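Enquirer: Can you read through this structure? Questions will come right after.
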2 protein chains.
Amino acid sequence: MNQTNELKSSGLKVTLPRLKILELFQKNLPGAERHLSADDVYKILLGEQMDIGLATVYRVLTQFEQAGILVRRNFESGKALYELNEGEPHDHLLCVNCGQVEEFTDPQIYERQTEIAEKYGYVLHERAMSLYGLCATCQVKTKRR
Amino acid sequence: MNQTNELKSSGLKVTLPRLKILELFQKNLPGAERHLSADDVYKILLGEQMDIGLATVYRVLTQFEQAGILVRRNFESGKALYELNEGEPHDHLLCVNCGQVEEFTDPQIYERQTEIAEKYGYVLHERAMSLYGLCATCQVKTKRR
DNA sequence: CTGTATGCAAAATCTTTGCAGCCTG
DNA sequence: CAGGCTGCAAAGATTTTGCATACAG
């Protein structure tokens, strides 16, 4: 099984909480948000009749991040969101009204970031770029008020 | 007095805590970090023999942000940092080892961000970009270990 | 004097940690 | 069977809020 191996190769024992959480992110159900907070994950699993502790969710998410399975994002919301690590780095466009998250990649910006870090003598570890605004749908809704 | 007027024109009463906090950011002492957390501000003021409450610091920082005097930044550290709002937007390069903060502006990136938001139909409210890495000094230190 | 501002303490959030028992390998 | 894993409860860290008193205008 794919997920089982993914866990094993990260040196993690295969347990129900881990399988379920991994599945949540990999399944990618239509309409399901790719970006989930610890609490989101916790509530979803409770809703699926799982008996799980919030502490376990935090621990698993942290382990998955260290294993490179997930990526942790710090947006302005105040709570961390996790998403599947699909290799290619990307940035986010977030709607301040509905919370929708749009992903995009811009090689030109990526390139400039590298140049800037170099110019300042930094060895770059991470890049984070987020744009906040009103999505098209919410612009209409907001205007109506 | 300049600071007094800055407060008045924001509709805020001129009080000692507000003057002191404003001064802290405007003074820009050599070696002093431009980016301060609520707790940083609190500790500095306590060190100056001021009798102030942490809650007041949080309230004042929030008010200053709403008045456009300060800008709030959410870096990965988990706590918000504030800096003087000097009009022109800029981004940050942070050392993950010593916490040094380097500021930079890149019109090319700024331009691309605008284009991206437009492409996705967003009305942009805010942009946040932070690069994390090892500064030149810390690269040397780290290598020695 | 009136209403805003302050300090203190308590509460609210999000996240981490300690511990005894459970389960994987 | 050993050591990692889990749930629960408690503790931490950061930020917000309620309230009585103090102070600016």
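A note on labels: chains of the structure tokens are A, B, ... as shown, every chain counts residues from 1, and ligands are counted from 1 in their shown order.
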Just the residues within 8 Å of range 13-19 of chain C, please, counting only C-alpha atoms (C1' of nucleotides), with nothing from its chain fewer than 3 positions along; format it as a list in words.
Expert: Tyr58 and Lys79 of chain A; DA11 and DG12 of chain D
Enquirer: Give me the residues of chain A that have any atom at most 9 Å from an atom of chain D; for each, the nearest atom pair and the distance in Å, rounded to one decimal. Use only C-alpha atoms (C1' of nucleotides), sort by chain and number, and format it as a tab-separated table.
Expert:
residue	atom	partner	partner_atom	distance
A:Leu12	CA	D:DG4	C1'	8.8
A:Lys13	CA	D:DG4	C1'	7.7
A:Thr15	CA	D:DC5	C1'	8.0
A:Pro17	CA	D:DT6	C1'	8.9
A:Asp51	CA	D:DG7	C1'	8.6
A:Ile52	CA	D:DG7	C1'	7.0
A:Gly53	CA	D:DG7	C1'	5.5
A:Leu54	CA	D:DG7	C1'	8.6
A:Ala55	CA	D:DG7	C1'	8.0
A:Thr56	CA	D:DT6	C1'	6.8
Enquirer: Using C-alpha atoms, can you export the residues from the last selection as a compact mmCIF listing (two decimals), in the first residue's frame?
Expert:
# COMPACT_ATOMS: atom_id res chain seq x y z
CA LEU A 12 7.15 6.28 11.29
CA LYS A 13 5.10 3.38 12.54
CA THR A 15 -0.93 3.72 12.90
CA PRO A 17 -4.25 8.30 13.13
CA ASP A 51 -11.54 8.70 18.53
CA ILE A 52 -8.54 10.97 18.24
CA GLY A 53 -6.88 13.57 20.40
CA LEU A 54 -6.01 17.05 19.24
CA ALA A 55 -2.50 16.58 20.64
CA THR A 56 -2.00 13.61 18.35
Enquirer: Would you mind listing, as a PyMOL selection string, all residues of chain C that have at least one atom within 9 Å of chain B, where only C-alpha atoms (C1' of nucleotides) are what counts?
Expert: chain C and resi 4-8
Enquirer: At a cut-off of 8 Å, using only C-alpha atoms (C1' of nucleotides), what residues contact range 91-94 of chain B? Leave out same-chain residues fewer than 4 positions from it and give the result as a list of chain:residue names.
Expert: A:Ala117, B:Gly99, B:Gln100, B:Val101, B:Glu102, B:Glu103, B:Phe104, B:Thr105, B:Ala128, B:Met129, B:Ser130, B:Leu131, B:Tyr132, B:Gly133, B:Leu134, B:Cys135
Enquirer: Just list as a tab-separated table (two decimals) with N, CA and C atoms, in the first residue's frame whatever in chain A DSSP marks as helix (DSSP H, G or I).
Expert:
chain	number	residue	atom	x	y	z
A	2	ASN	N	0.48	2.19	-0.79
A	2	ASN	CA	1.25	3.39	-0.99
A	2	ASN	C	1.46	4.20	0.29
A	3	GLN	N	0.37	4.49	0.98
A	3	GLN	CA	0.47	5.32	2.17
A	3	GLN	C	1.27	4.65	3.26
A	4	THR	N	1.08	3.35	3.38
A	4	THR	CA	1.83	2.60	4.39
A	4	THR	C	3.32	2.74	4.14
A	5	ASN	N	3.71	2.60	2.90
A	5	ASN	CA	5.12	2.72	2.57
A	5	ASN	C	5.65	4.12	2.81
A	6	GLU	N	4.82	5.10	2.49
A	6	GLU	CA	5.25	6.48	2.70
A	6	GLU	C	5.59	6.71	4.17
A	7	LEU	N	4.79	6.13	5.04
A	7	LEU	CA	5.04	6.28	6.47
A	7	LEU	C	6.31	5.52	6.87
A	8	LYS	N	6.38	4.28	6.41
A	8	LYS	CA	7.53	3.45	6.77
A	8	LYS	C	8.84	4.07	6.33
A	16	LEU	N	-3.29	4.09	12.86
A	16	LEU	CA	-4.53	4.58	12.30
A	16	LEU	C	-4.56	6.11	12.19
A	17	PRO	N	-4.21	6.84	13.24
A	17	PRO	CA	-4.25	8.30	13.13
A	17	PRO	C	-3.39	8.79	11.97
A	18	ARG	N	-2.21	8.24	11.83
A	18	ARG	CA	-1.33	8.69	10.75
A	18	ARG	C	-1.90	8.38	9.38
A	19	LEU	N	-2.44	7.18	9.22
A	19	LEU	CA	-3.02	6.82	7.93
A	19	LEU	C	-4.17	7.74	7.58
A	20	LYS	N	-5.02	7.98	8.56
A	20	LYS	CA	-6.20	8.80	8.32
A	20	LYS	C	-5.82	10.23	7.95
A	21	ILE	N	-4.84	10.77	8.65
A	21	ILE	CA	-4.45	12.14	8.39
A	21	ILE	C	-3.78	12.25	7.02
A	22	LEU	N	-2.94	11.28	6.70
A	22	LEU	CA	-2.27	11.28	5.41
A	22	LEU	C	-3.32	11.21	4.30
A	23	GLU	N	-4.28	10.34	4.50
A	23	GLU	CA	-5.35	10.16	3.53
A	23	GLU	C	-6.11	11.45	3.29
A	24	LEU	N	-6.39	12.14	4.39
A	24	LEU	CA	-7.12	13.41	4.32
A	24	LEU	C	-6.46	14.39	3.34
A	25	PHE	N	-5.14	14.43	3.42
A	25	PHE	CA	-4.42	15.37	2.56
A	25	PHE	C	-4.24	14.82	1.15
A	26	GLN	N	-4.06	13.51	1.04
A	26	GLN	CA	-3.81	12.95	-0.29
A	26	GLN	C	-5.06	12.74	-1.11
A	27	LYS	N	-6.16	12.52	-0.43
A	27	LYS	CA	-7.40	12.19	-1.13
A	27	LYS	C	-7.82	13.31	-2.06
A	38	ALA	N	-4.64	22.33	12.19
A	38	ALA	CA	-4.71	21.18	13.09
A	38	ALA	C	-6.15	20.97	13.53
A	39	ASP	N	-6.80	22.07	13.83
A	39	ASP	CA	-8.17	21.97	14.29
A	39	ASP	C	-9.11	21.46	13.19
A	40	ASP	N	-8.88	21.90	11.97
A	40	ASP	CA	-9.67	21.40	10.84
A	40	ASP	C	-9.57	19.88	10.78
A	41	VAL	N	-8.33	19.40	10.80
A	41	VAL	CA	-8.09	17.96	10.70
A	41	VAL	C	-8.78	17.24	11.85
A	42	TYR	N	-8.62	17.79	13.04
A	42	TYR	CA	-9.22	17.19	14.24
A	42	TYR	C	-10.72	17.05	14.09
A	43	LYS	N	-11.35	18.14	13.67
A	43	LYS	CA	-12.82	18.13	13.55
A	43	LYS	C	-13.30	17.18	12.47
A	44	ILE	N	-12.58	17.13	11.36
A	44	ILE	CA	-12.97	16.23	10.27
A	44	ILE	C	-12.92	14.78	10.75
A	45	LEU	N	-11.83	14.45	11.45
A	45	LEU	CA	-11.69	13.07	11.91
A	45	LEU	C	-12.72	12.72	12.98
A	46	LEU	N	-13.02	13.68	13.85
A	46	LEU	CA	-14.07	13.43	14.86
A	46	LEU	C	-15.38	13.17	14.13
A	47	GLY	N	-15.60	13.95	13.08
A	47	GLY	CA	-16.83	13.79	12.31
A	47	GLY	C	-16.92	12.42	11.65
A	54	LEU	N	-6.55	15.91	19.97
A	54	LEU	CA	-6.01	17.05	19.24
A	54	LEU	C	-4.48	17.04	19.32
A	55	ALA	N	-3.96	16.61	20.46
A	55	ALA	CA	-2.50	16.58	20.64
A	55	ALA	C	-1.86	15.64	19.61
A	56	THR	N	-2.53	14.56	19.34
A	56	THR	CA	-2.00	13.61	18.35
A	56	THR	C	-1.97	14.26	16.98
A	57	VAL	N	-3.01	15.01	16.66
A	57	VAL	CA	-3.05	15.68	15.37
A	57	VAL	C	-1.86	16.63	15.25
A	58	TYR	N	-1.62	17.42	16.28
A	58	TYR	CA	-0.48	18.33	16.24
A	58	TYR	C	0.83	17.57	16.07
A	59	ARG	N	0.95	16.46	16.82
A	59	ARG	CA	2.19	15.70	16.73
A	59	ARG	C	2.38	15.10	15.36
A	60	VAL	N	1.33	14.54	14.81
A	60	VAL	CA	1.43	13.92	13.49
A	60	VAL	C	1.74	14.96	12.42
A	61	LEU	N	1.08	16.10	12.50
A	61	LEU	CA	1.34	17.14	11.50
A	61	LEU	C	2.80	17.59	11.56
A	62	THR	N	3.31	17.73	12.76
A	62	THR	CA	4.71	18.14	12.93
A	62	THR	C	5.65	17.08	12.35
A	63	GLN	N	5.34	15.84	12.64
A	63	GLN	CA	6.18	14.75	12.13
A	63	GLN	C	6.13	14.70	10.60
A	64	PHE	N	4.95	14.87	10.07
A	64	PHE	CA	4.79	14.84	8.61
A	64	PHE	C	5.55	16.00	7.98
A	65	GLU	N	5.56	17.10	8.65
A	65	GLU	CA	6.28	18.24	8.09
A	65	GLU	C	7.78	17.93	8.09
A	66	GLN	N	8.26	17.39	9.20
A	66	GLN	CA	9.69	17.07	9.27
A	66	GLN	C	10.07	15.99	8.28
A	107	PRO	N	8.05	32.05	-11.80
A	107	PRO	CA	9.49	31.83	-11.91
A	107	PRO	C	10.28	33.13	-11.84
A	108	GLN	N	9.67	34.17	-12.35
A	108	GLN	CA	10.35	35.47	-12.37
A	108	GLN	C	10.58	35.97	-10.93
A	109	ILE	N	9.56	35.85	-10.10
A	109	ILE	CA	9.69	36.27	-8.71
A	109	ILE	C	10.68	35.37	-7.99
A	110	TYR	N	10.57	34.09	-8.26
A	110	TYR	CA	11.47	33.11	-7.64
A	110	TYR	C	12.93	33.48	-7.91
A	111	GLU	N	13.16	33.79	-9.15
A	111	GLU	CA	14.49	34.19	-9.60
A	111	GLU	C	14.99	35.44	-8.88
A	112	ARG	N	14.13	36.43	-8.79
A	112	ARG	CA	14.49	37.68	-8.11
A	112	ARG	C	14.80	37.42	-6.64
A	113	GLN	N	14.02	36.56	-6.03
A	113	GLN	CA	14.25	36.26	-4.61
A	113	GLN	C	15.65	35.69	-4.43
A	114	THR	N	16.00	34.79	-5.30
A	114	THR	CA	17.32	34.17	-5.23
A	114	THR	C	18.40	35.23	-5.36
A	115	GLU	N	18.19	36.13	-6.30
A	115	GLU	CA	19.19	37.19	-6.51
A	115	GLU	C	19.31	38.11	-5.29
A	116	ILE	N	18.16	38.41	-4.70
A	116	ILE	CA	18.17	39.30	-3.54
A	116	ILE	C	18.91	38.67	-2.37
A	117	ALA	N	18.61	37.41	-2.11
A	117	ALA	CA	19.29	36.71	-1.02
A	117	ALA	C	20.80	36.72	-1.25
A	118	GLU	N	21.17	36.48	-2.48
A	118	GLU	CA	22.58	36.46	-2.85
A	118	GLU	C	23.22	37.83	-2.59
A	119	LYS	N	22.52	38.83	-3.04
A	119	LYS	CA	23.02	40.20	-2.89
A	119	LYS	C	23.30	40.56	-1.43
A	136	ALA	N	-12.90	37.48	-6.79
A	136	ALA	CA	-13.93	38.00	-7.69
A	136	ALA	C	-15.34	37.85	-7.10
A	137	THR	N	-15.62	36.66	-6.60
A	137	THR	CA	-16.94	36.40	-6.03
A	137	THR	C	-17.26	37.34	-4.87
A	138	CYS	N	-16.29	37.51	-3.99
A	138	CYS	CA	-16.54	38.34	-2.82
A	138	CYS	C	-16.61	39.83	-3.17
A	139	GLN	N	-16.01	40.22	-4.26
A	139	GLN	CA	-16.10	41.62	-4.66
A	139	GLN	C	-17.55	41.97	-4.96
A	140	VAL	N	-18.22	41.06	-5.63
A	140	VAL	CA	-19.63	41.26	-5.95
A	140	VAL	C	-20.46	41.32	-4.68
A	141	LYS	N	-20.26	40.33	-3.84
A	141	LYS	CA	-21.03	40.26	-2.59
A	141	LYS	C	-20.83	41.51	-1.75
A	142	THR	N	-19.61	41.94	-1.65
A	142	THR	CA	-19.31	43.09	-0.81
A	142	THR	C	-19.91	44.36	-1.35
A	143	LYS	N	-19.92	44.45	-2.66
A	143	LYS	CA	-20.44	45.67	-3.28
A	143	LYS	C	-21.94	45.82	-3.01
A	144	ARG	N	-22.62	44.70	-2.95
A	144	ARG	CA	-24.08	44.72	-2.77
A	144	ARG	C	-24.53	45.35	-1.46
Enquirer: When DSSP is applied to the backbone of this structure, which of chain A are assigned strand (DSSP E)? Write them out as a short mmCIF file (atom, residue, chain, number, x, y, z; two decimals) with all heavy atoms, in the first residue's frame.
Expert:
data_model
loop_
_atom_site.label_atom_id
_atom_site.label_comp_id
_atom_site.auth_asym_id
_atom_site.auth_seq_id
_atom_site.Cartn_x
_atom_site.Cartn_y
_atom_site.Cartn_z
N LEU A 36 -5.23 22.80 5.48
CA LEU A 36 -5.97 22.52 6.71
C LEU A 36 -5.17 22.86 7.96
O LEU A 36 -3.96 22.65 8.02
CB LEU A 36 -6.32 21.02 6.76
CG LEU A 36 -7.15 20.48 5.59
CD1 LEU A 36 -7.29 18.96 5.71
CD2 LEU A 36 -8.53 21.14 5.56
N SER A 37 -5.88 23.36 8.96
CA SER A 37 -5.25 23.63 10.25
C SER A 37 -5.37 22.36 11.09
O SER A 37 -6.13 21.45 10.76
CB SER A 37 -5.97 24.77 10.95
OG SER A 37 -7.27 24.36 11.33
N LEU A 70 4.31 16.97 4.41
CA LEU A 70 3.46 18.16 4.40
C LEU A 70 4.32 19.42 4.47
O LEU A 70 5.49 19.36 4.82
CB LEU A 70 2.50 18.14 5.60
CG LEU A 70 1.49 17.00 5.70
CD1 LEU A 70 0.65 17.15 6.96
CD2 LEU A 70 0.58 16.96 4.46
N VAL A 71 3.71 20.53 4.14
CA VAL A 71 4.37 21.83 4.28
C VAL A 71 3.50 22.67 5.20
O VAL A 71 2.29 22.66 5.08
CB VAL A 71 4.49 22.57 2.93
CG1 VAL A 71 5.25 23.87 3.11
CG2 VAL A 71 5.16 21.68 1.90
N ARG A 72 4.15 23.34 6.11
CA ARG A 72 3.42 24.19 7.05
C ARG A 72 3.45 25.63 6.55
O ARG A 72 4.49 26.12 6.12
CB ARG A 72 4.12 24.12 8.41
CG ARG A 72 3.50 24.98 9.46
CD ARG A 72 4.41 25.03 10.69
NE ARG A 72 3.95 26.03 11.61
CZ ARG A 72 3.64 25.79 12.89
NH1 ARG A 72 3.77 24.58 13.37
NH2 ARG A 72 3.23 26.76 13.66
N ARG A 73 2.31 26.29 6.61
CA ARG A 73 2.23 27.68 6.16
C ARG A 73 1.73 28.57 7.28
O ARG A 73 0.78 28.22 7.98
CB ARG A 73 1.23 27.81 5.00
CG ARG A 73 1.44 26.84 3.87
CD ARG A 73 2.55 27.32 2.97
NE ARG A 73 2.73 26.42 1.83
CZ ARG A 73 3.70 26.58 0.94
NH1 ARG A 73 4.57 27.57 1.06
NH2 ARG A 73 3.82 25.74 -0.06
N ASN A 74 2.34 29.71 7.42
CA ASN A 74 1.89 30.67 8.43
C ASN A 74 1.24 31.86 7.74
O ASN A 74 1.95 32.77 7.30
CB ASN A 74 3.08 31.17 9.24
CG ASN A 74 3.69 30.07 10.07
OD1 ASN A 74 3.09 29.62 11.05
ND2 ASN A 74 4.85 29.60 9.68
N ALA A 80 -1.57 27.94 11.97
CA ALA A 80 -0.80 27.33 10.89
C ALA A 80 -1.69 26.43 10.04
O ALA A 80 -2.57 25.75 10.55
CB ALA A 80 0.34 26.52 11.47
N LEU A 81 -1.47 26.45 8.74
CA LEU A 81 -2.18 25.56 7.83
C LEU A 81 -1.16 24.62 7.21
O LEU A 81 -0.02 25.00 6.96
CB LEU A 81 -2.88 26.36 6.73
CG LEU A 81 -3.95 27.38 7.16
CD1 LEU A 81 -4.67 27.92 5.94
CD2 LEU A 81 -4.94 26.74 8.11
N TYR A 82 -1.60 23.40 6.96
CA TYR A 82 -0.73 22.41 6.33
C TYR A 82 -1.28 22.01 4.98
O TYR A 82 -2.49 21.98 4.78
CB TYR A 82 -0.62 21.16 7.20
CG TYR A 82 0.17 21.38 8.47
CD1 TYR A 82 -0.44 21.94 9.59
CD2 TYR A 82 1.51 21.04 8.54
CE1 TYR A 82 0.28 22.14 10.76
CE2 TYR A 82 2.24 21.24 9.71
CZ TYR A 82 1.62 21.79 10.81
OH TYR A 82 2.34 22.00 11.95
N GLU A 83 -0.37 21.71 4.06
CA GLU A 83 -0.81 21.20 2.77
C GLU A 83 0.19 20.15 2.32
O GLU A 83 1.32 20.08 2.82
CB GLU A 83 -0.90 22.33 1.74
CG GLU A 83 0.45 22.93 1.38
CD GLU A 83 0.34 23.95 0.25
OE1 GLU A 83 -0.18 23.60 -0.81
OE2 GLU A 83 0.80 25.10 0.45
N LEU A 84 -0.23 19.33 1.37
CA LEU A 84 0.63 18.27 0.85
C LEU A 84 1.86 18.89 0.21
O LEU A 84 1.77 19.89 -0.50
CB LEU A 84 -0.17 17.48 -0.20
CG LEU A 84 0.16 16.00 -0.34
CD1 LEU A 84 0.11 15.29 1.00
CD2 LEU A 84 -0.81 15.37 -1.32
N ASP A 91 3.33 29.90 -4.26
CA ASP A 91 2.88 30.92 -3.33
C ASP A 91 1.36 30.97 -3.30
O ASP A 91 0.71 30.20 -3.99
CB ASP A 91 3.49 32.27 -3.73
CG ASP A 91 5.00 32.23 -3.59
OD1 ASP A 91 5.47 32.07 -2.45
OD2 ASP A 91 5.71 32.32 -4.61
N HIS A 92 0.83 31.86 -2.46
CA HIS A 92 -0.62 31.87 -2.24
C HIS A 92 -1.26 33.24 -2.35
O HIS A 92 -0.67 34.26 -2.00
CB HIS A 92 -0.93 31.27 -0.87
CG HIS A 92 -0.44 29.87 -0.72
ND1 HIS A 92 0.85 29.57 -0.35
CD2 HIS A 92 -1.05 28.68 -0.93
CE1 HIS A 92 1.01 28.26 -0.32
NE2 HIS A 92 -0.13 27.69 -0.67
N LEU A 93 -2.50 33.18 -2.80
CA LEU A 93 -3.34 34.35 -2.96
C LEU A 93 -4.57 34.00 -2.12
O LEU A 93 -5.23 33.01 -2.38
CB LEU A 93 -3.70 34.47 -4.45
CG LEU A 93 -4.39 35.69 -5.02
CD1 LEU A 93 -3.72 36.98 -4.57
CD2 LEU A 93 -4.36 35.60 -6.54
N LEU A 94 -4.82 34.78 -1.08
CA LEU A 94 -5.91 34.43 -0.17
C LEU A 94 -6.99 35.49 -0.13
O LEU A 94 -6.71 36.69 -0.07
CB LEU A 94 -5.37 34.25 1.26
CG LEU A 94 -4.31 33.16 1.42
CD1 LEU A 94 -2.92 33.75 1.41
CD2 LEU A 94 -4.54 32.40 2.73
N CYS A 95 -8.24 35.03 -0.13
CA CYS A 95 -9.35 35.97 -0.05
C CYS A 95 -9.59 36.29 1.43
O CYS A 95 -9.81 35.40 2.24
CB CYS A 95 -10.62 35.39 -0.66
SG CYS A 95 -12.01 36.54 -0.51
N VAL A 101 -8.22 29.92 -1.00
CA VAL A 101 -6.78 29.96 -1.23
C VAL A 101 -6.48 29.59 -2.67
O VAL A 101 -6.89 28.54 -3.15
CB VAL A 101 -6.03 28.98 -0.31
CG1 VAL A 101 -4.52 29.13 -0.50
CG2 VAL A 101 -6.39 29.22 1.14
N GLU A 102 -5.80 30.48 -3.34
CA GLU A 102 -5.42 30.26 -4.74
C GLU A 102 -3.91 30.04 -4.75
O GLU A 102 -3.17 30.74 -4.06
CB GLU A 102 -5.75 31.55 -5.50
CG GLU A 102 -5.96 31.43 -6.96
CD GLU A 102 -7.31 30.81 -7.31
OE1 GLU A 102 -8.36 31.45 -7.13
OE2 GLU A 102 -7.28 29.65 -7.76
N GLU A 103 -3.44 29.07 -5.52
CA GLU A 103 -1.99 28.84 -5.56
C GLU A 103 -1.43 29.29 -6.91
O GLU A 103 -2.09 29.17 -7.93
CB GLU A 103 -1.70 27.36 -5.36
CG GLU A 103 -2.24 26.85 -4.04
CD GLU A 103 -1.85 25.40 -3.80
OE1 GLU A 103 -1.50 24.70 -4.77
OE2 GLU A 103 -1.90 24.99 -2.64
N PHE A 104 -0.23 29.77 -6.86
CA PHE A 104 0.41 30.16 -8.13
C PHE A 104 1.93 30.04 -8.02
O PHE A 104 2.49 29.98 -6.93
CB PHE A 104 0.01 31.59 -8.51
CG PHE A 104 0.54 32.64 -7.57
CD1 PHE A 104 1.81 33.19 -7.76
CD2 PHE A 104 -0.21 33.06 -6.50
CE1 PHE A 104 2.30 34.16 -6.90
CE2 PHE A 104 0.28 34.03 -5.62
CZ PHE A 104 1.53 34.58 -5.82
N VAL A 123 22.24 32.68 2.79
CA VAL A 123 21.99 31.36 2.22
C VAL A 123 20.52 31.10 2.49
O VAL A 123 20.11 30.97 3.64
CB VAL A 123 22.85 30.28 2.91
CG1 VAL A 123 22.39 28.91 2.45
CG2 VAL A 123 24.31 30.49 2.57
N LEU A 124 19.75 31.05 1.44
CA LEU A 124 18.30 30.98 1.57
C LEU A 124 17.80 29.61 2.04
O LEU A 124 18.18 28.59 1.50
CB LEU A 124 17.68 31.32 0.21
CG LEU A 124 16.34 32.02 0.20
CD1 LEU A 124 16.33 33.18 1.18
CD2 LEU A 124 16.03 32.52 -1.21
N HIS A 125 16.96 29.60 3.07
CA HIS A 125 16.36 28.36 3.54
C HIS A 125 14.91 28.26 3.09
O HIS A 125 14.44 27.22 2.70
CB HIS A 125 16.42 28.27 5.06
CG HIS A 125 17.78 28.05 5.61
ND1 HIS A 125 18.04 27.73 6.91
CD2 HIS A 125 18.99 28.11 5.02
CE1 HIS A 125 19.34 27.59 7.10
NE2 HIS A 125 19.94 27.83 5.98
N GLU A 126 14.22 29.36 3.20
CA GLU A 126 12.79 29.34 2.90
C GLU A 126 12.30 30.65 2.32
O GLU A 126 12.86 31.71 2.62
CB GLU A 126 12.01 29.10 4.19
CG GLU A 126 11.43 27.73 4.29
CD GLU A 126 10.80 27.57 5.66
OE1 GLU A 126 9.62 27.95 5.79
OE2 GLU A 126 11.49 27.08 6.59
N ARG A 127 11.24 30.56 1.57
CA ARG A 127 10.63 31.76 1.00
C ARG A 127 9.15 31.69 1.33
O ARG A 127 8.54 30.63 1.26
CB ARG A 127 10.74 31.79 -0.52
CG ARG A 127 11.95 31.11 -1.02
CD ARG A 127 11.88 30.74 -2.48
NE ARG A 127 13.21 30.25 -2.87
CZ ARG A 127 13.99 30.84 -3.75
NH1 ARG A 127 13.55 31.88 -4.42
NH2 ARG A 127 15.18 30.37 -4.01
N ALA A 128 8.56 32.80 1.64
CA ALA A 128 7.12 32.83 1.90
C ALA A 128 6.55 34.09 1.30
O ALA A 128 7.02 35.19 1.59
CB ALA A 128 6.86 32.81 3.40
N MET A 129 5.58 33.91 0.44
CA MET A 129 4.96 35.08 -0.15
C MET A 129 3.46 34.85 -0.21
O MET A 129 3.00 33.84 -0.71
CB MET A 129 5.49 35.31 -1.55
CG MET A 129 4.80 36.44 -2.26
SD MET A 129 5.63 36.83 -3.80
CE MET A 129 4.27 36.67 -4.90
N SER A 130 2.70 35.79 0.33
CA SER A 130 1.26 35.66 0.31
C SER A 130 0.63 36.99 -0.05
O SER A 130 1.03 38.03 0.46
CB SER A 130 0.74 35.22 1.68
OG SER A 130 1.36 34.01 2.06
N LEU A 131 -0.36 36.90 -0.92
CA LEU A 131 -1.09 38.10 -1.32
C LEU A 131 -2.50 37.97 -0.74
O LEU A 131 -3.11 36.91 -0.83
CB LEU A 131 -1.15 38.19 -2.85
CG LEU A 131 0.22 38.14 -3.55
CD1 LEU A 131 0.03 38.22 -5.06
CD2 LEU A 131 1.11 39.27 -3.06
N TYR A 132 -2.97 39.05 -0.13
CA TYR A 132 -4.30 39.03 0.47
C TYR A 132 -5.19 40.03 -0.25
O TYR A 132 -4.78 41.15 -0.53
CB TYR A 132 -4.21 39.41 1.95
CG TYR A 132 -3.37 38.44 2.75
CD1 TYR A 132 -1.99 38.63 2.87
CD2 TYR A 132 -3.94 37.34 3.36
CE1 TYR A 132 -1.21 37.73 3.59
CE2 TYR A 132 -3.17 36.44 4.09
CZ TYR A 132 -1.81 36.64 4.20
OH TYR A 132 -1.04 35.75 4.90
N GLY A 133 -6.39 39.60 -0.54
CA GLY A 133 -7.30 40.51 -1.22
C GLY A 133 -8.71 39.95 -1.27
O GLY A 133 -9.04 39.02 -0.56
N LEU A 134 -9.52 40.54 -2.12
CA LEU A 134 -10.90 40.08 -2.28
C LEU A 134 -10.99 39.32 -3.59
O LEU A 134 -10.63 39.83 -4.65
CB LEU A 134 -11.83 41.28 -2.37
CG LEU A 134 -12.58 41.74 -1.13
CD1 LEU A 134 -13.63 42.77 -1.52
CD2 LEU A 134 -13.23 40.58 -0.39
#
Enquirer: Grab the CA of Glu76 in chain A to CA of His35 in chain B distance for me, in Å with one decimal place.
Expert: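 CA of His35 in chain B lies 17.2 Å from CA of Glu76 in chain A.
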Enquirer: Report, in Å with one decimal, the straight-line distance from CA of Arg34 in chain B to CA of Ile69 in chain B.
Expert: 13.5 Å
Enquirer: Select, from B:Gly11, B:Gly68, B:Glu88, B:Phe75, the residue with the minimum atom-to-atom distance to chain A, counting only C-alpha atoms.
Expert: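 Nearest candidate to chain A out of B:Gly11, B:Gly68, B:Glu88, B:Phe75: B:Phe75.
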Enquirer: What does the distance between CA of Ser10 in chain B and CA of Leu29 in chain B come to in Å, to one decimal place?
Expert: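 Taking CA of Ser10 in chain B and CA of Leu29 in chain B, their separation equals 24.7 Å.
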